[in-house]
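Below is the file protein24.cif, which contains mmCIF, C-alpha atoms and all ligand atoms.
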data_protein
#
loop_
_atom_site.group_PDB
_atom_site.id
_atom_site.type_symbol
_atom_site.label_atom_id
_atom_site.label_comp_id
_atom_site.auth_asym_id
_atom_site.auth_seq_id
_atom_site.Cartn_x
_atom_site.Cartn_y
_atom_site.Cartn_z
ATOM 1 C CA MET M 1 -109.215 20.731 250.063
ATOM 2 C CA LYS M 2 -109.782 17.494 248.231
ATOM 3 C CA GLU M 3 -109.414 13.917 249.344
ATOM 4 C CA VAL M 4 -106.979 11.739 247.415
ATOM 5 C CA LYS M 5 -105.418 8.323 247.952
ATOM 6 C CA CYS M 6 -101.748 8.048 248.796
ATOM 7 C CA PHE M 7 -99.686 6.860 245.842
ATOM 8 C CA ILE M 8 -97.701 4.456 248.038
ATOM 9 C CA CYS M 9 -99.836 3.159 250.907
ATOM 10 C CA GLY M 10 -103.275 3.869 249.466
ATOM 11 C CA SER M 11 -104.674 5.582 252.546
ATOM 12 C CA PRO M 12 -106.924 8.592 251.875
ATOM 13 C CA PHE M 13 -105.796 12.073 252.963
ATOM 14 C CA LEU M 14 -106.702 15.720 252.387
ATOM 15 C CA THR M 15 -104.562 17.983 250.247
ATOM 16 C CA PRO M 16 -104.924 21.639 249.306
ATOM 17 C CA THR M 17 -102.720 21.205 246.220
ATOM 18 C CA THR M 18 -101.824 18.235 244.068
ATOM 19 C CA GLY M 19 -100.149 16.111 246.756
ATOM 20 C CA LYS M 20 -99.647 12.450 245.999
ATOM 21 C CA PHE M 21 -98.258 11.199 249.326
ATOM 22 C CA CYS M 22 -99.808 11.136 252.770
ATOM 23 C CA SER M 23 -96.529 11.465 254.684
ATOM 24 C CA ILE M 24 -92.812 12.155 254.408
ATOM 25 C CA GLU M 25 -92.183 8.419 254.838
ATOM 26 C CA CYS M 26 -94.329 7.619 251.799
ATOM 27 C CA LYS M 27 -92.564 10.332 249.823
ATOM 28 C CA LYS M 28 -89.189 8.827 250.753
ATOM 29 C CA GLU M 29 -90.440 5.373 249.811
ATOM 30 C CA HIS M 30 -91.501 6.714 246.401
ATOM 31 C CA LYS M 31 -88.122 8.357 245.870
ATOM 32 C CA LYS M 32 -86.432 5.087 246.763
ATOM 33 C CA ASN M 33 -88.555 3.269 244.190
ATOM 34 C CA VAL M 34 -87.798 5.861 241.513
ATOM 35 C CA ASN M 35 -84.079 5.622 242.232
ATOM 36 C CA ARG M 36 -84.233 1.821 242.157
ATOM 37 C CA GLU M 37 -86.012 1.884 238.804
ATOM 38 C CA PHE M 38 -83.482 4.366 237.420
ATOM 39 C CA HIS M 39 -80.623 2.143 238.570
ATOM 40 C CA GLU M 40 -82.304 -0.920 237.100
ATOM 41 C CA ARG M 41 -82.667 0.856 233.743
ATOM 42 C CA ASN M 42 -79.141 2.320 233.702
ATOM 43 C CA LYS M 43 -77.309 -0.419 235.604
ATOM 44 C CA GLU M 44 -74.403 -0.851 233.208
ATOM 45 C CA ILE M 45 -73.646 2.846 232.803
ATOM 46 C CA VAL M 46 -73.998 3.622 236.507
ATOM 47 C CA ASN M 47 -71.881 0.677 237.610
ATOM 48 C CA LYS M 48 -69.214 1.486 235.018
ATOM 49 C CA LYS M 49 -69.079 5.101 236.168
ATOM 50 C CA ARG M 50 -68.904 4.100 239.839
ATOM 51 C CA LYS M 51 -66.090 1.646 239.054
ATOM 52 C CA GLU M 52 -64.151 4.355 237.217
ATOM 53 C CA TYR M 53 -64.712 6.789 240.072
ATOM 54 C CA TYR M 54 -63.546 4.156 242.552
ATOM 55 C CA LYS M 55 -60.369 3.486 240.584
ATOM 56 C CA GLU M 56 -59.564 7.188 240.284
ATOM 57 C CA ASN M 57 -60.343 7.981 243.918
ATOM 58 C CA ILE M 58 -59.318 4.767 245.643
ATOM 59 C CA HIS M 59 -57.430 6.761 248.293
ATOM 60 C CA ILE M 60 -60.739 8.216 249.540
ATOM 61 C CA TYR M 61 -62.129 4.735 250.159
ATOM 62 C CA LYS M 62 -58.925 3.454 251.725
ATOM 63 C CA GLU M 63 -58.856 6.463 254.042
ATOM 64 C CA ARG M 64 -62.506 5.883 254.958
ATOM 65 C CA ASP M 65 -61.888 2.187 255.677
ATOM 66 C CA LYS M 66 -58.903 3.053 257.874
ATOM 67 C CA LYS M 67 -61.044 5.527 259.821
ATOM 68 C CA ARG M 68 -63.843 2.966 260.254
ATOM 69 C CA HIS M 69 -61.350 0.325 261.346
ATOM 70 C CA LYS M 70 -59.903 2.670 263.958
ATOM 71 C CA GLU M 71 -63.378 3.587 265.210
ATOM 72 C CA ASN M 72 -64.303 -0.104 265.421
ATOM 73 C CA ILE M 73 -61.242 -0.835 267.509
ATOM 74 C CA LEU M 74 -61.981 2.121 269.788
ATOM 75 C CA ASN M 75 -65.596 0.998 270.214
ATOM 76 C CA ARG M 76 -64.562 -2.540 271.041
ATOM 77 C CA GLU M 77 -61.998 -1.298 273.544
ATOM 78 C CA MET M 78 -64.648 0.947 275.115
ATOM 79 C CA GLN M 79 -66.840 -2.112 275.602
ATOM 80 C CA GLY M 80 -64.056 -3.775 277.520
ATOM 81 C CA GLU M 81 -62.776 -6.082 274.812
ATOM 82 C CA SER M 82 -59.029 -6.521 274.552
ATOM 83 C CA VAL M 83 -58.284 -5.740 270.947
ATOM 84 C CA ARG M 84 -55.040 -6.666 269.270
ATOM 85 C CA LYS M 85 -53.506 -3.552 267.770
ATOM 86 C CA ARG M 86 -52.872 -3.792 264.054
ATOM 87 C CA LEU M 87 -50.324 -1.846 262.074
ATOM 88 C CA ILE M 88 -53.073 0.111 260.294
ATOM 89 C CA GLY M 89 -53.303 3.751 261.251
ATOM 90 C CA LEU M 90 -50.028 3.882 263.187
ATOM 91 C CA THR M 91 -47.168 6.290 262.549
ATOM 92 C CA GLU M 92 -43.808 4.967 261.293
ATOM 93 C CA LYS M 93 -42.346 5.037 264.784
ATOM 94 C CA GLU M 94 -45.316 3.196 266.272
ATOM 95 C CA LYS M 95 -45.095 0.608 263.489
ATOM 96 C CA LYS M 96 -41.430 -0.095 264.288
ATOM 97 C CA ILE M 97 -42.197 -0.447 267.992
ATOM 98 C CA ALA M 98 -45.100 -2.785 267.214
ATOM 99 C CA GLU M 99 -42.883 -4.911 264.962
ATOM 100 C CA ILE M 100 -40.177 -5.177 267.626
ATOM 101 C CA LYS M 101 -42.774 -6.204 270.205
ATOM 102 C CA LYS M 102 -44.143 -8.801 267.806
ATOM 103 C CA GLU M 103 -40.678 -10.254 267.257
ATOM 104 C CA GLU M 104 -40.069 -10.426 271.018
ATOM 105 C CA LYS M 105 -43.382 -12.218 271.411
ATOM 106 C CA ASN M 106 -42.438 -14.717 268.701
ATOM 107 C CA ILE M 107 -39.057 -15.404 270.339
ATOM 108 C CA LYS M 108 -40.837 -16.032 273.638
ATOM 109 C CA LYS M 109 -43.208 -18.435 271.889
ATOM 110 C CA ILE M 110 -40.316 -20.343 270.299
ATOM 111 C CA ASN M 111 -38.531 -20.584 273.651
ATOM 112 C CA TYR M 112 -41.702 -21.835 275.267
ATOM 113 C CA ILE M 113 -42.173 -24.574 272.657
ATOM 114 C CA HIS M 114 -38.593 -25.918 272.907
HETATM 115 ZN ZN ZN M 201 -98.943 6.963 252.344
#
Would you mind giving the structure from this file in structure tokens?
Ligand SMILES: [Zn+2]
Amino acid sequence: MKEVKCFICGSPFLTPTTGKFCSIECKKEHKKNVNREFHERNKEIVNKKRKEYYKENIHIYKERDKKRHKENILNREMQGESVRKRLIGLTEKEKKIAEIKKEEKNIKKINYIH
């Protein structure tokens, strides 16, 4: 066992091998730094590749956003908020019903104004 200083936080610790980090947190921090440096060095290539991937797989992101939106609405409803239902994530039939209801609401509004 030899005592070495942590590469990240500088605190001394004992290691039987050639350890550089005192804890898993410090190891994660180091990995984060390495990744950040890599991104900084290869920014243009990485961003270009991510943009291309996004364009080719846009449906994945749209699907994910829809799911998140639905979950958000559910969460807000669970907390007792009255959430206006949007057309996102509804079936064709539900969309038609929602549109009819919206029109009825608008007619009521117009009648109320005049
Ligand atoms: Zn450390």
**Close residues to ligand ZN 201 (chain M) using all atoms listed in the file, limit 6 Å, as an MDAnalysis selection string** = chainID M and resid 6 8:9 11 21:23 26
- Query: Could you name the residues that touch Gly19 (chain M) at 12 Å or less, counting all atoms listed in the file, but leaving out those on the same chain fewer than 5 positions away, as a PyMOL selection string?
  - Reply: chain M and resi 1-8+12-14+24+26-27
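Computed from the coordinates, the CA of Lys20 (chain M) to CA of Lys32 (chain M) distance equals 15.1 Å.
One finds CA of Leu90 (chain M) at 11.6 Å from CA of Lys67 (chain M).
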A straight line from CA of Asn35 (chain M) to CA of Lys48 (chain M) spans 17.0 Å
Using only C-alpha atoms, the residue out of M:Val46, M:Val83, M:Ala98, M:Val34 with shortest distance to His69 (chain M) is M:Val83
Centre and edge lengths, as AutoDock Vina command-line options, for the axis-aligned box enclosing every listed atom of region 28-44 of chain M with 8 Å of padding on each of the six sides, in Å to one decimal?
--center_x -83.0 --center_y 4.0 --center_z 242.0 --size_x 33.1 --size_y 25.7 --size_z 33.5
Complete the atom set of region 47-82 of chain M to N, CA and C atoms and return it as a short mmCIF file (atom, residue, chain, number, x, y, z; two decimals), keeping the file's coordinate frame.
data_model
loop_
_atom_site.label_atom_id
_atom_site.label_comp_id
_atom_site.auth_asym_id
_atom_site.auth_seq_id
_atom_site.Cartn_x
_atom_site.Cartn_y
_atom_site.Cartn_z
N ASN M 47 -72.92 1.50 237.00
CA ASN M 47 -71.88 0.68 237.61
C ASN M 47 -70.51 0.98 237.02
N LYS M 48 -70.48 1.19 235.69
CA LYS M 48 -69.21 1.49 235.02
C LYS M 48 -68.64 2.80 235.55
N LYS M 49 -69.53 3.80 235.67
CA LYS M 49 -69.08 5.10 236.17
C LYS M 49 -68.57 5.00 237.60
N ARG M 50 -69.31 4.24 238.43
CA ARG M 50 -68.90 4.10 239.84
C ARG M 50 -67.55 3.39 239.92
N LYS M 51 -67.36 2.37 239.06
CA LYS M 51 -66.09 1.65 239.05
C LYS M 51 -64.95 2.57 238.67
N GLU M 52 -65.18 3.40 237.65
CA GLU M 52 -64.15 4.36 237.22
C GLU M 52 -63.83 5.34 238.34
N TYR M 53 -64.90 5.83 238.98
CA TYR M 53 -64.71 6.79 240.07
C TYR M 53 -63.92 6.14 241.20
N TYR M 54 -64.24 4.88 241.49
CA TYR M 54 -63.55 4.16 242.55
C TYR M 54 -62.06 4.03 242.23
N LYS M 55 -61.77 3.66 240.98
CA LYS M 55 -60.37 3.49 240.58
C LYS M 55 -59.59 4.79 240.69
N GLU M 56 -60.24 5.89 240.26
CA GLU M 56 -59.56 7.19 240.28
C GLU M 56 -59.40 7.74 241.69
N ASN M 57 -60.35 7.40 242.57
CA ASN M 57 -60.34 7.98 243.92
C ASN M 57 -60.21 6.93 245.00
N ILE M 58 -59.42 5.90 244.72
CA ILE M 58 -59.32 4.77 245.64
C ILE M 58 -58.81 5.22 247.01
N HIS M 59 -57.98 6.30 247.01
CA HIS M 59 -57.43 6.76 248.29
C HIS M 59 -58.53 7.21 249.25
N ILE M 60 -59.63 7.77 248.69
CA ILE M 60 -60.74 8.22 249.54
C ILE M 60 -61.32 7.02 250.29
N TYR M 61 -61.52 5.92 249.56
CA TYR M 61 -62.13 4.74 250.16
C TYR M 61 -61.20 4.08 251.16
N LYS M 62 -59.90 4.06 250.81
CA LYS M 62 -58.92 3.45 251.72
C LYS M 62 -58.88 4.25 253.03
N GLU M 63 -58.89 5.57 252.87
CA GLU M 63 -58.86 6.46 254.04
C GLU M 63 -60.09 6.20 254.92
N ARG M 64 -61.25 6.11 254.25
CA ARG M 64 -62.51 5.88 254.96
C ARG M 64 -62.47 4.55 255.71
N ASP M 65 -61.96 3.50 255.04
CA ASP M 65 -61.89 2.19 255.68
C ASP M 65 -60.97 2.21 256.89
N LYS M 66 -59.84 2.93 256.75
CA LYS M 66 -58.90 3.05 257.87
C LYS M 66 -59.59 3.70 259.06
N LYS M 67 -60.34 4.79 258.78
CA LYS M 67 -61.04 5.53 259.82
C LYS M 67 -62.06 4.61 260.51
N ARG M 68 -62.83 3.88 259.70
CA ARG M 68 -63.84 2.97 260.25
C ARG M 68 -63.19 1.90 261.11
N HIS M 69 -62.06 1.37 260.62
CA HIS M 69 -61.35 0.32 261.35
C HIS M 69 -60.91 0.84 262.71
N LYS M 70 -60.36 2.06 262.71
CA LYS M 70 -59.90 2.67 263.96
C LYS M 70 -61.07 2.85 264.92
N GLU M 71 -62.18 3.36 264.38
CA GLU M 71 -63.38 3.59 265.21
C GLU M 71 -63.89 2.27 265.79
N ASN M 72 -63.88 1.22 264.96
CA ASN M 72 -64.30 -0.10 265.42
C ASN M 72 -63.47 -0.56 266.61
N ILE M 73 -62.15 -0.41 266.44
CA ILE M 73 -61.24 -0.84 267.51
C ILE M 73 -61.54 -0.05 268.78
N LEU M 74 -61.69 1.27 268.63
CA LEU M 74 -61.98 2.12 269.79
C LEU M 74 -63.26 1.69 270.47
N ASN M 75 -64.31 1.43 269.66
CA ASN M 75 -65.60 1.00 270.21
C ASN M 75 -65.46 -0.30 270.99
N ARG M 76 -64.72 -1.24 270.39
CA ARG M 76 -64.56 -2.54 271.04
C ARG M 76 -63.78 -2.41 272.34
N GLU M 77 -62.77 -1.52 272.32
CA GLU M 77 -62.00 -1.30 273.54
C GLU M 77 -62.88 -0.66 274.61
N MET M 78 -63.76 0.27 274.17
CA MET M 78 -64.65 0.95 275.12
C MET M 78 -65.59 -0.04 275.79
N GLN M 79 -65.94 -1.11 275.05
CA GLN M 79 -66.84 -2.11 275.60
C GLN M 79 -66.10 -3.16 276.42
N GLY M 80 -64.82 -2.91 276.63
CA GLY M 80 -64.06 -3.78 277.52
C GLY M 80 -63.40 -4.96 276.86
N GLU M 81 -63.41 -4.99 275.53
CA GLU M 81 -62.78 -6.08 274.81
C GLU M 81 -61.29 -5.77 274.69
N SER M 82 -60.45 -6.78 274.78
CA SER M 82 -59.03 -6.52 274.55
C SER M 82 -58.74 -6.76 273.08
#
